[in-house]
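**Student:** Below you'll find the structure I mean.
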Amino acid sequence: MELILSALKSLAYVLIFPGFLFCFLSGMLLCGIDRKLVARMQKRVGPPILQPFYDFFKLCGKETIVPAAANKVMFLMAPLLGLASLVVLQLFIPVFQYQIPAFAQVADVIVILYLLLIPAVSIILGGASTGSPYAGVGLSREMVTVLACELPLVLVLLSVGKVVGAESDGGICFSMTGIVNYQLAHGSLITHAGLIPAAIAFLLVIPGETGNHPFDAAEAETEICEGMLAEYSGAPLGVFKLNHAIKMLTMTSLFVMLFFGGIGSGLESLVALVGLTGTAARVVGMLLAVLVLFLLCVIVTAVGISFVHAVTARLKIEQIFKYYWTVVSGLALLSLVLVWYGL
Amino acid sequence: MKYIDLLNFLNPQHFPIFAIMLYFLGAFFIVLFGKNRIARNCIAFLATGLSLTLLILLVKPIFLDGGIIAYWMGGRIPAGGYAIGIALEVDALGLFFGLLVATAVFVSCLYSFSYMSEDDNEPQYYTLFLMLAGGVLGMVFSGDLFNMFIMVEILTFAAVALTAFRNRVTGALEAAFKYLVVGCIGSTCILAGTILLYQQAHTLNLAQLATIIPNCHGTNVTVAFVLLFIGFCTKAFIVPFHPLAADAHGAAPAPVSVLISGVLTKSGIYGIIRLTFFLFQMMNLGAVQFWLVFLGSVSMFVCVTMALAQHDFKRLLAFHSISQIGYVLTAVGLATALGASAGLYHAMNHTLFKGLLFLCAGAVLHETGTTDLGKLGGLSKKMPWTTVLFLIGAASISGIPPFNGFASKWLIYQATYEKAVETGNIGFAFVTIVALVTSTLTLASFVKVTQSVFFGQLPKECENAKEVSWGMRLAMSILAILCTLTGLFPNAVQKFLTQPAARTMYNVSQYIDGMFQKGYAVQEMGMSAPEAAAVRFETVGVWNPGNWLILLLIALLSICIVAVASKYDAVRQNKSEKVEAKYSLFYGGEPTEFSQVGGGDLFWGFKHNWRHYFSFMHDLHSGIVNDYSLWAVVALALAMVYALIVL
């Protein structure tokens, strides 16, 4: 009986919150807000905020064409694998103090770093399976972008782990729960002087990881016909678009939890102030936390993705690589050195 | 009386020598009866299979009960304080490497049955194959330094001959010659080191040396250490000996590559561990730790970048092999229990996934006749099994969760960063960074292989390729299953395999007592026995692949159900018809023609930024044996200077 109950519970986590349904709705919404913001910054009217939903359902209604030369299984499975891995990844990112205890013991930040690779690998495999030369060029660029982002990400995560560990027990801390709990107790990490360069570096990594402008050489529509997506149509294409939207949510919420996790500390007292107790307090607090997280994600998207998109032109792939391994990694390295010597 | 003898025969005490003997007897019988194909295959199968079984039977007494088997040939037990008989000593560390050897040998023997069936001189192949296997196993179990040298010689010469086995292949003889020359420099170093130690300690028994050498101080001992160390480095192909491996793997048949990368390099690593942890017991010195970690990090980074520049499937795998050995050396060199356990774990995983990848490369070569990445493509439709198995291997080596490469690399990151924080030395933090970046570069390299061999467009020359025979698929599947299992249950692997082995590395007195009698180490060394209980294996991070996989499967299954219910699947055009425009690839309006994006053209953005480094490396790797011998001598000289200054 207990087993069935716990199975149902994890099913609910995976399918509803913080899993599939939550990812779907908030990712798509984030994507819509991003498009609207970019349009407004460029003095266009822009699409309605719900446009990504319309696009997705329209694509699902279209015919799926599998190229004759493609490996059909890989072609159709790749988007689904990417989606599943992103949904599961979202489970390991806590929502301030409201985290699912069962999942805290599954993965730490280093694992998250690696799980972030799976969606990239799935789109690469999907593109490669078509045999299209555009996909070949696209996957080459996608892989280089992933490589470019990896070094700054590693440096940022090591710096965060060092700070949290040193302050709590003199060691290191890689657990996401540990990092968030530390911030709830001691205030957000962004207030830690040594980590400010790391936060900026992470903010700059977000558009690279999600493949947004100006780091979208891998999917350059005007140049290589969306690269790996060149042969995709119908529902699989829709799922890839969805993956992109969810990845925006994942990266921004990861940023919020790594550097602004302390904001959640006021929520419980706020709920108590209203006079709620017990389960009601927990539910209201959780809803509030999700709302706050989403708002913060919108702000991060506006600053880190939309604004950058609006004011820059697409970079060439070797420029992307150089930029990340010099400027962004430099910032992150500065942070690591600063926190290492106790700043 | 007879009955008691038989029981004695089945005593685990005898299993190590039987395991070694089976290989050599197999080699001998194949020379005698090898003309007949069935007899030959039976002998090889029995020898490798029985050896593996015997070693698996040793798991209980050695890993679980923590015992040590010391075996004196001909009953010549030490008398008068001197151990001059030939001894075997198997502790958890030795058995760990022994198991790796036996598994790799067994699987690659299974694969050879169909893979080598079209070659002539098959009896010679199996003879050399079993000699190589016996050499490595003998070296790993040997209880004295001189027999280690003998076994190193046997394995080196068997490996050289096997490298040149397909001597009609361009470069095979050249590769074998290079290997012979530099390998001999290594063997000579080992011999010279052995002589110096004998002169110093008047014994060659490892356990007895371990009681004498740490108390000797002097130039002789330091020089002997460096000689032995460099000797074992050549066997493990640590930088600067890496070009040999690339040539050897490029020319050798695939099952031999499995042995060279999965088994032979392990013997080098084993030698280094025995040397630094047991014989000289100098892993507590910062200078030695730095040395190992530095060599390991350089190996992993240099070789992964070399691999990115390759356009031959097997050469690429060869460089990756050394890159992964770099991880092992780095982890072991940290001199922490967690590091040792992580390093051994990675050594095991390396044998499994590298074996799998080499077998896949062999399958591709078998079907298409080439391993040039520029000439292959689109094989996933012709060889679906091989593709899936290759993807498992590639995911394992690139550290994609939940396969085994990730589990061990993750432990290595933890170990290096913990060491950095414990010692306050930021250098170890950079090691973590190098390891993480190397892992992503490995992924990039395998994306390249996937695109240019299994996906992409099918060239005309490869149209006749078909799936390989079931025997080859079986061998590959065994390794793929092991890759998945060891990745899914990291806690079990650590608890039952790597941690007992790592614990022996920190309990030298147990090894010494195992060879002589209890209390010998304390009495001879005049110091208290090292505390076995001080060994710690805690990690700060968490990784639970089983739960993660369950979550992923739930997500994937539910998404698939939704997808299938909403007509996600598409009806594909019938293959026999002429391809309609709708189903053909998009070429931007140009006429359809073959336009595969080959391996050499990928990752331009990366290579462009690193062009100076790549052209420097290109010039450095001249492919001339004189240069490589020079590197070996320079490496020896540098190591000698370093050791004489700091030790």
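Ligands are numbered from 1 in the order shown, chains are lettered A, B, ... in the order of the structure tokens, and residues start at 1 in each chain.
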Give me the residues near range 24-33 of chain A as a ChimeraX atom specification, where near means some atom within 9 Å (using only C-alpha atoms) and where sequence neighbours in that chain fewer than 3 positions away do not count.
**Tutor:** /A:19-21,36-38,47-53,87,242-250,294,297-298,301-302,306
**Student:** Could you write out the selected residues, including C-alpha atoms, as a compact mmCIF listing (two decimals), in the first residue's frame?
**Tutor:**
# COMPACT_ATOMS: atom_id res chain seq x y z
CA GLY A 19 7.64 18.05 -13.37
CA PHE A 20 6.03 18.03 -16.74
CA LEU A 21 2.94 20.24 -16.41
CA LYS A 36 7.23 39.98 -26.23
CA LEU A 37 10.02 41.75 -24.35
CA VAL A 38 12.45 41.50 -27.24
CA PRO A 47 3.36 38.19 -30.66
CA PRO A 48 0.81 37.62 -27.90
CA ILE A 49 2.36 36.16 -24.75
CA LEU A 50 0.57 32.86 -25.36
CA GLN A 51 2.05 32.53 -28.86
CA PRO A 52 4.44 29.63 -27.94
CA PHE A 53 1.39 27.58 -26.84
CA VAL A 87 11.67 17.37 -16.80
CA LEU A 242 9.26 22.94 -25.99
CA ASN A 243 12.66 21.65 -24.84
CA HIS A 244 14.18 24.99 -25.65
CA ALA A 245 11.51 26.76 -23.58
CA ILE A 246 11.99 24.39 -20.63
CA LYS A 247 15.73 24.81 -20.78
CA MET A 248 15.20 28.55 -20.34
CA LEU A 249 13.20 27.81 -17.22
CA THR A 250 15.81 25.34 -15.94
CA PHE A 294 8.64 32.46 -11.56
CA CYS A 297 12.92 33.79 -13.53
CA VAL A 298 11.11 36.39 -15.63
CA THR A 301 15.14 36.15 -18.53
CA ALA A 302 14.53 39.82 -19.19
CA SER A 306 15.81 39.28 -23.82
**Student:** If we count only C-alpha atoms and set the cut-off at 8 Å, which residues sit around range 400-411 of chain B, ignoring sequence neighbours fewer than 6 positions away in its own chain? Please answer as a list in words.
**Tutor:**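 Here the answer would be Ile110, Val111, Tyr114, Leu115, Leu117 and Ile118 of chain A; Tyr327, Leu338, Gly339, Ala342, Gly343, Tyr345, His346, Asn349, His350, Phe353, Ile392, Cys483, Thr484, Leu485, Thr486, Gly487, Leu488, Pro490, Thr539, Pro545 and Leu549 of chain B.
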**Student:** Considering only C-alpha atoms, return as number ranges by chain whatever protein or nucleic-acid residues lie within 7 Å of Ala235 in chain A, sequence-local ones (same chain, fewer than 4 positions apart) excluded.
**Tutor:** A: 59-60, 62, 64, 239; B: 568
**Student:** Would you kindly return, as a PDB file with C-alpha atoms, in the first residue's frame, each protein, DNA or RNA residue with an atom no farther than 9 Å from any atom of range 290-292 of chain A, considering only C-alpha atoms and excluding same-chain residues fewer than 3 positions away?
**Tutor:**
ATOM      1  CA  VAL A  95      11.857  25.920  -4.894  1.00  0.00           C
ATOM      2  CA  PHE A  96      13.400  27.761  -1.956  1.00  0.00           C
ATOM      3  CA  ILE A 263      14.804  35.515  -0.877  1.00  0.00           C
ATOM      4  CA  GLY A 264      12.671  32.578   0.178  1.00  0.00           C
ATOM      5  CA  GLY A 285       3.615  29.200   1.162  1.00  0.00           C
ATOM      6  CA  MET A 286       4.476  26.824  -1.631  1.00  0.00           C
ATOM      7  CA  LEU A 287       2.271  28.603  -4.132  1.00  0.00           C
ATOM      8  CA  LEU A 295       8.786  36.235 -11.166  1.00  0.00           C
ATOM      9  CA  LEU A 296      12.512  36.045 -10.507  1.00  0.00           C
ATOM     10  CA  CYS A 297      12.922  33.793 -13.534  1.00  0.00           C
TER      11      CYS A 297
END
**Student:** Name all residues at most 12 Å from Gly234 in chain A (count only C-alpha atoms; drop same-chain ones fewer than 5 positions away) and give them as a short mmCIF file (atom, residue, chain, number, x, y, z; two decimals) with N, CA and C atoms, in the first residue's frame.
**Tutor:**
data_model
loop_
_atom_site.label_atom_id
_atom_site.label_comp_id
_atom_site.auth_asym_id
_atom_site.auth_seq_id
_atom_site.Cartn_x
_atom_site.Cartn_y
_atom_site.Cartn_z
N ASP A 55 1.85 27.98 -31.13
CA ASP A 55 2.81 27.36 -32.05
C ASP A 55 2.92 25.86 -31.79
N PHE A 56 3.02 25.53 -30.49
CA PHE A 56 3.22 24.14 -30.13
C PHE A 56 2.04 23.29 -30.59
N PHE A 57 0.81 23.75 -30.30
CA PHE A 57 -0.34 22.93 -30.67
C PHE A 57 -0.53 22.89 -32.18
N LYS A 58 -0.17 23.97 -32.84
CA LYS A 58 -0.25 23.96 -34.30
C LYS A 58 0.71 22.90 -34.87
N LEU A 59 1.95 22.90 -34.33
CA LEU A 59 2.94 21.94 -34.84
C LEU A 59 2.48 20.51 -34.58
N CYS A 60 1.83 20.30 -33.42
CA CYS A 60 1.38 18.95 -33.10
C CYS A 60 0.32 18.48 -34.08
N GLY A 61 -0.40 19.40 -34.67
CA GLY A 61 -1.43 19.01 -35.62
C GLY A 61 -0.90 18.76 -37.02
N LYS A 62 0.36 19.10 -37.27
CA LYS A 62 0.91 18.98 -38.62
C LYS A 62 1.43 17.57 -38.88
N GLU A 63 1.63 17.28 -40.15
CA GLU A 63 2.16 15.97 -40.51
C GLU A 63 3.64 15.88 -40.14
N THR A 64 4.04 14.72 -39.64
CA THR A 64 5.45 14.50 -39.33
C THR A 64 6.10 13.81 -40.52
N ILE A 65 7.11 14.42 -41.07
CA ILE A 65 7.79 13.80 -42.21
C ILE A 65 9.14 13.28 -41.76
N VAL A 66 9.34 11.96 -41.90
CA VAL A 66 10.65 11.38 -41.58
C VAL A 66 11.41 11.24 -42.90
N LEU A 76 12.78 10.03 -34.11
CA LEU A 76 11.56 10.29 -33.34
C LEU A 76 11.80 10.28 -31.84
N PRO A 79 13.81 13.88 -29.53
CA PRO A 79 13.13 14.97 -28.82
C PRO A 79 12.50 14.52 -27.51
N LEU A 229 17.60 21.22 -36.75
CA LEU A 229 16.15 21.11 -36.88
C LEU A 229 15.72 21.18 -38.34
N VAL A 239 8.18 19.43 -30.02
CA VAL A 239 8.81 19.00 -28.77
C VAL A 239 10.18 19.65 -28.61
N PHE A 240 10.93 19.78 -29.70
CA PHE A 240 12.22 20.46 -29.58
C PHE A 240 12.05 21.91 -29.17
N LYS A 241 11.02 22.58 -29.71
CA LYS A 241 10.75 23.97 -29.31
C LYS A 241 10.40 24.02 -27.83
N ALA B 563 2.64 10.89 -26.52
CA ALA B 563 3.06 11.09 -27.91
C ALA B 563 2.38 10.09 -28.84
N SER B 566 -1.24 10.75 -29.34
CA SER B 566 -1.58 11.89 -30.20
C SER B 566 -0.94 11.76 -31.58
N LYS B 567 -0.78 10.52 -32.05
CA LYS B 567 -0.30 10.25 -33.42
C LYS B 567 1.04 10.93 -33.71
N TYR B 568 1.98 10.73 -32.76
CA TYR B 568 3.31 11.31 -32.91
C TYR B 568 4.06 10.59 -34.03
N ASP B 569 3.84 9.27 -34.07
CA ASP B 569 4.56 8.43 -35.04
C ASP B 569 4.12 8.81 -36.46
N ALA B 570 5.04 8.66 -37.37
CA ALA B 570 4.71 9.05 -38.74
C ALA B 570 4.87 7.84 -39.65
#
**Student:** Run DSSP on the backbone of this structure and report the residues of range 147-298 of chain A it assigns to alpha helix (DSSP H), as JSON, numbers by chain.
**Tutor:** {"A": [147, 148, 149, 150, 151, 152, 153, 154, 155, 156, 157, 158, 159, 160, 161, 162, 163, 164, 165, 166, 167, 168, 176, 177, 178, 179, 180, 181, 182, 183, 184, 185, 186, 196, 197, 198, 199, 200, 201, 202, 203, 204, 205, 206, 207, 208, 209, 210, 221, 222, 223, 224, 234, 235, 236, 237, 238, 239, 240, 241, 242, 243, 244, 245, 246, 247, 248, 249, 250, 251, 252, 253, 254, 255, 256, 257, 258, 259, 265, 266, 267, 268, 269, 270, 271, 272, 273, 274, 278, 279, 280, 281, 282, 283, 284, 285, 286, 287, 288, 289, 290, 291, 292, 293, 294, 295, 296, 297, 298]}
**Student:** Determine the nearest neighbour of Leu125 in chain A from the options A:Tyr341, A:Tyr98, A:Phe75, A:Phe103, counting only C-alpha atoms.
**Tutor:**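 Nearest to Leu125 in chain A: A:Phe75.
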**Student:** Do you have the CA of Gly369 in chain B-CA of Asn71 in chain A distance handy?
**Tutor:**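 Atom-to-atom, CA of Gly369 in chain B to CA of Asn71 in chain A, that is 22.6 Å.
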**Student:** What is the distance between CA of Ile645 in chain B and CA of Ala236 in chain B, in Å to one decimal?
**Tutor:**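 Spanning CA of Ile645 in chain B to CA of Ala236 in chain B is a straight-line distance of 25.1 Å.
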**Student:** Tell me which of A:Gly126, A:Pro214, A:Pro94, A:Gly275 sits closest to Leu237 in chain A, counting only C-alpha atoms.
**Tutor:**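 For Leu237 in chain A, the nearest of the candidates is A:Gly126.
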**Student:** Run DSSP on the backbone and grab whatever in range 89-292 of chain B lands in strand (DSSP E or B); send it over as a VMD selection string.
**Tutor:** chain B and resid 89 to 90 142 144 205
**Student:** Using C-alpha atoms, can you write the selected residues to a file as a PDB file, in the first residue's frame?
**Tutor:**
ATOM      1  CA  GLU B  89      50.946 -12.897  -3.486  1.00  0.00           C
ATOM      2  CA  VAL B  90      47.351 -11.971  -4.190  1.00  0.00           C
ATOM      3  CA  SER B 142      53.726 -11.864  -8.821  1.00  0.00           C
ATOM      4  CA  ASP B 144      58.698 -10.586  -6.414  1.00  0.00           C
ATOM      5  CA  ASN B 205      60.678 -10.324  -2.708  1.00  0.00           C
TER       6      ASN B 205
END
**Student:** Identify which of the residues A:Leu258, A:Leu158, A:Ala78, A:Ile4 lies closest to Gly187 in chain A, counting only C-alpha atoms when measuring atom-to-atom distances.
**Tutor:**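 Ranked by minimum distance to Gly187 in chain A, first place goes to A:Leu258.
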